[in-house]
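Source file coords08.cif; content: mmCIF, N, CA, C and O atoms.
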```
data_model
loop_
_atom_site.label_atom_id
_atom_site.label_comp_id
_atom_site.auth_asym_id
_atom_site.auth_seq_id
_atom_site.Cartn_x
_atom_site.Cartn_y
_atom_site.Cartn_z
N VAL M 1 10.82 -4.53 1.50
CA VAL M 1 10.33 -4.53 0.14
C VAL M 1 10.76 -3.25 -0.58
O VAL M 1 11.26 -3.30 -1.69
N VAL M 2 10.55 -2.11 0.06
CA VAL M 2 10.91 -0.84 -0.57
C VAL M 2 12.42 -0.77 -0.81
O VAL M 2 12.87 -0.31 -1.86
N GLU M 3 13.21 -1.26 0.15
CA GLU M 3 14.66 -1.24 -0.01
C GLU M 3 15.09 -2.08 -1.21
O GLU M 3 15.96 -1.69 -1.98
N ALA M 4 14.46 -3.23 -1.39
CA ALA M 4 14.78 -4.08 -2.54
C ALA M 4 14.41 -3.35 -3.84
O ALA M 4 15.18 -3.35 -4.80
N MET M 5 13.24 -2.74 -3.85
CA MET M 5 12.80 -2.02 -5.05
C MET M 5 13.77 -0.89 -5.38
O MET M 5 14.11 -0.68 -6.55
N MET M 6 14.23 -0.16 -4.37
CA MET M 6 15.15 0.95 -4.61
C MET M 6 16.48 0.47 -5.19
O MET M 6 17.16 1.22 -5.87
N ARG M 7 16.83 -0.77 -4.90
CA ARG M 7 18.07 -1.36 -5.42
C ARG M 7 17.87 -2.06 -6.77
O ARG M 7 18.80 -2.62 -7.32
N GLY M 8 16.63 -2.04 -7.27
CA GLY M 8 16.37 -2.66 -8.56
C GLY M 8 16.17 -4.16 -8.50
O GLY M 8 16.31 -4.84 -9.50
N VAL M 9 15.83 -4.67 -7.32
CA VAL M 9 15.57 -6.10 -7.17
C VAL M 9 14.07 -6.33 -7.32
O VAL M 9 13.28 -5.79 -6.55
N PRO M 10 13.65 -7.11 -8.32
CA PRO M 10 12.22 -7.38 -8.48
C PRO M 10 11.67 -8.11 -7.24
O PRO M 10 12.35 -8.94 -6.66
N VAL M 11 10.45 -7.77 -6.86
CA VAL M 11 9.87 -8.35 -5.65
C VAL M 11 8.61 -9.14 -5.96
O VAL M 11 7.84 -8.79 -6.85
N VAL M 12 8.45 -10.21 -5.21
CA VAL M 12 7.21 -10.99 -5.20
C VAL M 12 6.73 -10.93 -3.76
O VAL M 12 7.46 -11.31 -2.84
N CYS M 13 5.54 -10.41 -3.56
CA CYS M 13 5.01 -10.18 -2.21
C CYS M 13 3.64 -10.80 -2.04
O CYS M 13 2.92 -11.02 -3.01
N SER M 14 3.28 -10.97 -0.80
CA SER M 14 1.94 -11.43 -0.45
C SER M 14 0.94 -10.31 -0.71
O SER M 14 1.25 -9.13 -0.52
N ASN M 15 -0.25 -10.67 -1.13
CA ASN M 15 -1.29 -9.66 -1.35
C ASN M 15 -2.07 -9.36 -0.07
O ASN M 15 -3.18 -8.89 -0.12
N ALA M 16 -1.44 -9.61 1.06
CA ALA M 16 -2.08 -9.37 2.36
C ALA M 16 -1.39 -8.22 3.08
O ALA M 16 -0.25 -7.87 2.77
N GLY M 17 -2.08 -7.66 4.04
CA GLY M 17 -1.51 -6.59 4.84
C GLY M 17 -1.28 -5.32 4.03
O GLY M 17 -2.03 -5.01 3.11
N ALA M 18 -0.21 -4.62 4.35
CA ALA M 18 0.09 -3.35 3.69
C ALA M 18 0.89 -3.52 2.41
O ALA M 18 1.08 -2.56 1.66
N LEU M 19 1.36 -4.72 2.13
CA LEU M 19 2.21 -4.92 0.95
C LEU M 19 1.56 -4.51 -0.37
O LEU M 19 2.23 -3.91 -1.21
N PRO M 20 0.27 -4.77 -0.59
CA PRO M 20 -0.33 -4.32 -1.85
C PRO M 20 -0.31 -2.80 -2.04
O PRO M 20 -0.42 -2.31 -3.15
N GLU M 21 -0.15 -2.06 -0.94
CA GLU M 21 -0.05 -0.61 -1.05
C GLU M 21 1.30 -0.17 -1.59
O GLU M 21 1.46 0.94 -2.09
N LEU M 22 2.30 -1.06 -1.51
CA LEU M 22 3.64 -0.74 -1.98
C LEU M 22 3.87 -1.14 -3.42
O LEU M 22 4.75 -0.59 -4.09
N ILE M 23 3.11 -2.10 -3.90
CA ILE M 23 3.34 -2.73 -5.19
C ILE M 23 2.20 -2.43 -6.16
O ILE M 23 1.03 -2.50 -5.78
N ILE M 24 2.55 -2.12 -7.40
CA ILE M 24 1.58 -2.09 -8.48
C ILE M 24 1.75 -3.44 -9.19
O ILE M 24 2.78 -3.67 -9.84
N ASN M 25 0.79 -4.33 -9.01
CA ASN M 25 0.92 -5.70 -9.48
C ASN M 25 1.22 -5.76 -10.98
O ASN M 25 0.58 -5.06 -11.77
N ASN M 26 2.19 -6.57 -11.33
CA ASN M 26 2.64 -6.78 -12.71
C ASN M 26 3.31 -5.56 -13.32
O ASN M 26 3.58 -5.55 -14.52
N SER M 27 3.57 -4.54 -12.55
CA SER M 27 4.26 -3.35 -13.05
C SER M 27 5.51 -3.06 -12.23
O SER M 27 6.60 -2.94 -12.76
N THR M 28 5.33 -2.93 -10.90
CA THR M 28 6.48 -2.65 -10.04
C THR M 28 6.86 -3.86 -9.19
O THR M 28 7.82 -3.80 -8.44
N GLY M 29 6.10 -4.91 -9.29
CA GLY M 29 6.36 -6.15 -8.55
C GLY M 29 5.22 -7.11 -8.81
O GLY M 29 4.30 -6.82 -9.58
N LEU M 30 5.31 -8.25 -8.18
CA LEU M 30 4.27 -9.27 -8.34
C LEU M 30 3.64 -9.56 -6.99
O LEU M 30 4.33 -9.65 -5.98
N LEU M 31 2.32 -9.70 -6.99
CA LEU M 31 1.59 -10.05 -5.78
C LEU M 31 1.05 -11.47 -5.92
O LEU M 31 0.56 -11.85 -6.99
N ALA M 32 1.15 -12.22 -4.83
CA ALA M 32 0.66 -13.59 -4.83
C ALA M 32 -0.21 -13.79 -3.60
O ALA M 32 -0.01 -13.15 -2.57
N GLY M 33 -1.17 -14.69 -3.71
CA GLY M 33 -2.06 -15.00 -2.59
C GLY M 33 -1.27 -15.51 -1.40
O GLY M 33 -0.36 -16.34 -1.55
N SER M 34 -1.62 -15.04 -0.23
CA SER M 34 -0.83 -15.38 0.96
C SER M 34 -0.85 -16.87 1.28
O SER M 34 0.10 -17.37 1.87
N ASN M 35 -1.88 -17.57 0.90
CA ASN M 35 -1.96 -19.01 1.18
C ASN M 35 -1.97 -19.86 -0.08
O ASN M 35 -2.47 -20.97 -0.08
N ASN M 36 -1.41 -19.33 -1.16
CA ASN M 36 -1.46 -20.01 -2.43
C ASN M 36 -0.03 -20.33 -2.91
O ASN M 36 0.57 -19.57 -3.65
N GLU M 37 0.49 -21.48 -2.46
CA GLU M 37 1.86 -21.86 -2.78
C GLU M 37 2.09 -22.00 -4.28
O GLU M 37 3.16 -21.65 -4.79
N LEU M 38 1.10 -22.50 -5.00
CA LEU M 38 1.25 -22.68 -6.44
C LEU M 38 1.38 -21.34 -7.16
O LEU M 38 2.16 -21.20 -8.11
N GLU M 39 0.62 -20.35 -6.71
CA GLU M 39 0.72 -19.02 -7.31
C GLU M 39 2.10 -18.42 -7.05
O GLU M 39 2.71 -17.82 -7.93
N TRP M 40 2.60 -18.58 -5.81
CA TRP M 40 3.94 -18.09 -5.47
C TRP M 40 4.98 -18.75 -6.38
O TRP M 40 5.83 -18.07 -6.95
N ALA M 41 4.90 -20.06 -6.49
CA ALA M 41 5.87 -20.79 -7.31
C ALA M 41 5.80 -20.33 -8.76
O ALA M 41 6.83 -20.10 -9.40
N ASP M 42 4.59 -20.17 -9.28
CA ASP M 42 4.40 -19.75 -10.66
C ASP M 42 5.03 -18.38 -10.90
O ASP M 42 5.72 -18.15 -11.90
N LYS M 43 4.80 -17.46 -9.98
CA LYS M 43 5.34 -16.10 -10.14
C LYS M 43 6.86 -16.08 -10.04
O LYS M 43 7.54 -15.41 -10.82
N ILE M 44 7.41 -16.82 -9.08
CA ILE M 44 8.86 -16.84 -8.90
C ILE M 44 9.54 -17.52 -10.10
O ILE M 44 10.54 -17.02 -10.63
N ILE M 45 8.99 -18.64 -10.54
CA ILE M 45 9.56 -19.33 -11.69
C ILE M 45 9.44 -18.48 -12.94
O ILE M 45 10.39 -18.36 -13.72
N GLY M 46 8.28 -17.85 -13.13
CA GLY M 46 8.09 -16.96 -14.28
C GLY M 46 9.09 -15.82 -14.29
O GLY M 46 9.66 -15.47 -15.33
N LEU M 47 9.34 -15.25 -13.13
CA LEU M 47 10.30 -14.16 -13.00
C LEU M 47 11.71 -14.65 -13.32
O LEU M 47 12.48 -13.97 -14.00
N SER M 48 12.05 -15.84 -12.86
CA SER M 48 13.40 -16.37 -13.09
C SER M 48 13.62 -16.75 -14.55
O SER M 48 14.74 -16.75 -15.03
N LYS M 49 12.56 -17.05 -15.28
CA LYS M 49 12.68 -17.48 -16.67
C LYS M 49 12.56 -16.34 -17.68
O LYS M 49 12.93 -16.51 -18.84
N SER M 50 12.05 -15.20 -17.27
CA SER M 50 11.80 -14.11 -18.21
C SER M 50 12.70 -12.91 -17.90
O SER M 50 12.46 -12.16 -16.95
N GLU M 51 13.69 -12.73 -18.74
CA GLU M 51 14.59 -11.58 -18.58
C GLU M 51 13.82 -10.27 -18.81
O GLU M 51 14.08 -9.27 -18.13
N VAL M 52 12.87 -10.29 -19.71
CA VAL M 52 12.06 -9.09 -20.00
C VAL M 52 11.26 -8.70 -18.76
O VAL M 52 11.24 -7.53 -18.36
N LEU M 53 10.59 -9.68 -18.15
CA LEU M 53 9.81 -9.40 -16.93
C LEU M 53 10.72 -8.94 -15.81
O LEU M 53 10.41 -7.97 -15.12
N TYR M 54 11.84 -9.63 -15.62
CA TYR M 54 12.80 -9.26 -14.57
C TYR M 54 13.24 -7.81 -14.74
O TYR M 54 13.19 -7.02 -13.79
N ASN M 55 13.67 -7.45 -15.95
CA ASN M 55 14.15 -6.09 -16.19
C ASN M 55 13.04 -5.05 -16.05
O ASN M 55 13.27 -3.97 -15.52
N SER M 56 11.85 -5.38 -16.52
CA SER M 56 10.72 -4.46 -16.42
C SER M 56 10.36 -4.18 -14.96
O SER M 56 10.22 -3.03 -14.55
N LEU M 57 10.22 -5.25 -14.17
CA LEU M 57 9.89 -5.07 -12.75
C LEU M 57 11.01 -4.34 -12.03
O LEU M 57 10.76 -3.52 -11.14
N SER M 58 12.24 -4.64 -12.39
CA SER M 58 13.39 -4.01 -11.76
C SER M 58 13.38 -2.50 -12.00
O SER M 58 13.46 -1.71 -11.04
N LEU M 59 13.26 -2.09 -13.25
CA LEU M 59 13.27 -0.65 -13.57
C LEU M 59 12.03 0.07 -13.04
O LEU M 59 12.13 1.14 -12.45
N ASN M 60 10.85 -0.52 -13.26
CA ASN M 60 9.61 0.11 -12.78
C ASN M 60 9.59 0.20 -11.26
O ASN M 60 9.16 1.21 -10.70
N GLY M 61 10.02 -0.86 -10.60
CA GLY M 61 10.04 -0.86 -9.14
C GLY M 61 10.98 0.19 -8.58
O GLY M 61 10.66 0.89 -7.61
N MET M 62 12.16 0.30 -9.20
CA MET M 62 13.14 1.28 -8.74
C MET M 62 12.60 2.70 -8.89
O MET M 62 12.69 3.51 -7.96
N GLU M 63 12.03 3.00 -10.04
CA GLU M 63 11.46 4.33 -10.26
C GLU M 63 10.32 4.63 -9.30
O GLU M 63 10.24 5.71 -8.72
N HIS M 64 9.43 3.67 -9.14
CA HIS M 64 8.28 3.84 -8.25
C HIS M 64 8.75 4.08 -6.81
O HIS M 64 8.25 4.99 -6.13
N ALA M 65 9.70 3.29 -6.36
CA ALA M 65 10.19 3.44 -4.98
C ALA M 65 10.87 4.78 -4.77
O ALA M 65 10.66 5.43 -3.74
N LYS M 66 11.65 5.20 -5.74
CA LYS M 66 12.36 6.49 -5.59
C LYS M 66 11.40 7.67 -5.57
O LYS M 66 11.64 8.65 -4.88
N ILE M 67 10.31 7.57 -6.31
CA ILE M 67 9.34 8.67 -6.35
C ILE M 67 8.41 8.62 -5.13
O ILE M 67 8.19 9.63 -4.47
N ALA M 68 7.87 7.45 -4.84
CA ALA M 68 6.83 7.35 -3.81
C ALA M 68 7.36 7.25 -2.39
O ALA M 68 6.65 7.59 -1.45
N PHE M 69 8.59 6.77 -2.22
CA PHE M 69 9.07 6.48 -0.87
C PHE M 69 10.38 7.19 -0.53
O PHE M 69 11.14 6.72 0.29
N ASN M 70 10.62 8.36 -1.11
CA ASN M 70 11.83 9.09 -0.77
C ASN M 70 11.63 9.87 0.52
O ASN M 70 10.51 10.04 1.00
N ILE M 71 12.70 10.38 1.07
CA ILE M 71 12.64 11.05 2.37
C ILE M 71 11.77 12.31 2.33
O ILE M 71 11.06 12.62 3.29
N LYS M 72 11.79 13.03 1.21
CA LYS M 72 10.95 14.24 1.11
C LYS M 72 9.47 13.87 1.13
O LYS M 72 8.67 14.52 1.79
N GLN M 73 9.12 12.82 0.41
CA GLN M 73 7.72 12.37 0.38
C GLN M 73 7.30 11.89 1.77
O GLN M 73 6.20 12.15 2.23
N PHE M 74 8.20 11.17 2.44
CA PHE M 74 7.93 10.68 3.79
C PHE M 74 7.67 11.85 4.74
O PHE M 74 6.70 11.85 5.50
N ALA M 75 8.54 12.86 4.69
CA ALA M 75 8.38 14.02 5.57
C ALA M 75 7.09 14.78 5.25
O ALA M 75 6.37 15.21 6.16
N LEU M 76 6.80 14.94 3.97
CA LEU M 76 5.58 15.65 3.56
C LEU M 76 4.33 14.92 4.04
O LEU M 76 3.40 15.55 4.56
N SER M 77 4.30 13.61 3.91
CA SER M 77 3.12 12.86 4.33
C SER M 77 2.94 12.94 5.85
O SER M 77 1.82 13.06 6.34
N HIS M 78 4.03 12.92 6.60
CA HIS M 78 3.92 13.06 8.05
C HIS M 78 3.52 14.48 8.44
O HIS M 78 2.75 14.68 9.38
N ASP M 79 4.04 15.46 7.73
CA ASP M 79 3.65 16.85 7.99
C ASP M 79 2.15 17.02 7.76
O ASP M 79 1.46 17.63 8.58
N ASN M 80 1.63 16.46 6.67
CA ASN M 80 0.20 16.54 6.39
C ASN M 80 -0.61 15.82 7.46
O ASN M 80 -1.69 16.31 7.86
N LEU M 81 -0.11 14.70 7.93
CA LEU M 81 -0.80 13.98 9.00
C LEU M 81 -0.89 14.84 10.26
O LEU M 81 -1.96 14.98 10.85
N TYR M 82 0.24 15.44 10.66
CA TYR M 82 0.24 16.26 11.86
C TYR M 82 -0.62 17.51 11.70
O TYR M 82 -1.31 17.92 12.63
N GLU M 83 -0.59 18.10 10.52
CA GLU M 83 -1.45 19.27 10.27
C GLU M 83 -2.92 18.87 10.41
O GLU M 83 -3.71 19.63 10.98
N GLY M 84 -3.26 17.73 9.90
CA GLY M 84 -4.64 17.24 10.04
C GLY M 84 -5.03 17.00 11.48
O GLY M 84 -6.15 17.29 11.89
N LEU M 85 -4.12 16.50 12.27
CA LEU M 85 -4.40 16.27 13.69
C LEU M 85 -4.57 17.58 14.43
O LEU M 85 -5.41 17.69 15.32
N ILE M 86 -3.79 18.57 14.08
CA ILE M 86 -3.89 19.88 14.73
C ILE M 86 -5.23 20.52 14.41
O ILE M 86 -5.88 21.12 15.27
N ASP M 87 -5.69 20.36 13.15
CA ASP M 87 -6.97 20.95 12.74
C ASP M 87 -8.15 20.30 13.46
O ASP M 87 -9.20 20.92 13.62
N ILE M 88 -7.99 19.08 13.91
CA ILE M 88 -9.07 18.37 14.60
C ILE M 88 -9.35 19.01 15.97
O ILE M 88 -10.48 19.12 16.39
N GLU M 89 -8.29 19.45 16.62
CA GLU M 89 -8.45 20.00 17.97
C GLU M 89 -9.08 21.31 17.94
O GLU M 89 -9.63 22.09 17.73
#
```
File written out as structure tokens:
Amino acid sequence: VVEAMMRGVPVVCSNAGALPELIINNSTGLLAGSNNELEWADKIIGLSKSEVLYNSLSLNGMEHAKIAFNIKQFALSHDNLYEGLIDIE
């Protein structure tokens, strides 16, 4: 999902598991109920029919992914995690 967002590909994801943590619904991607086929179809068809929505999700998703999921952010979050573990001992 993050790789698609970084490439500017709009994403439609399940609202289950960790995926909602990656997506800001209706801004950086679309979330659909995991067992709701009609909602999935509606979101995918809506995305395919709306150039404005496609472009908005594409640009917002790309920016969000580059800011939130870059290698520096990844390293910093892991560093903070390890620092927290060290403080526990």
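Look at stretch 16-27 of chain M: the protein and nucleic acid residues within 9 Å of it, using only C-alpha atoms and passing over chain neighbours fewer than 3 places away, are Val1, Val2, Val11, Cys13, Leu30, Leu31, Ala32, Gly33, Ser34, Leu53, Ser56, Leu57, Asn60, Gly61, His64, Ala65 and Ala68 of chain M.
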DSSP alpha helix (DSSP H) residues within chain M, as JSON, numbers by chain: {"M": [2, 3, 4, 5, 6, 19, 20, 21, 22, 37, 38, 39, 40, 41, 42, 43, 44, 45, 46, 47, 48, 49, 51, 52, 53, 54, 55, 56, 57, 58, 59, 60, 61, 62, 63, 64, 65, 66, 67, 68, 71, 72, 73, 74, 75, 76, 77, 78, 79, 80, 81, 82, 83, 84, 85, 86, 87, 88]}
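Take the candidates M:Tyr82, M:Tyr54, M:Trp40, M:Phe69 and check each one against M:Val9 using only C-alpha atoms; the shortest distance goes to M:Tyr54.
Atom to atom, atom C of M:Ser50 and atom CA of M:Asn36 stand 22.1 Å apart.
Atom CA of M:Asn55 sits 8.7 Å away from atom CA of M:Gly8.
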Backbone-only DSSP, strand (DSSP E or B) members of stretch 3-64 of chain M, as number ranges by chain: M: 12-14, 25, 29-32
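Here atom CA of M:Pro10 is placed at a distance of 8.4 Å from atom CA of M:Leu47.
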Minimum-distance residue to M:Ser58, chosen among M:Glu37, M:Gly84, M:Gly29, M:Glu3 (using only C-alpha atoms): M:Gly29
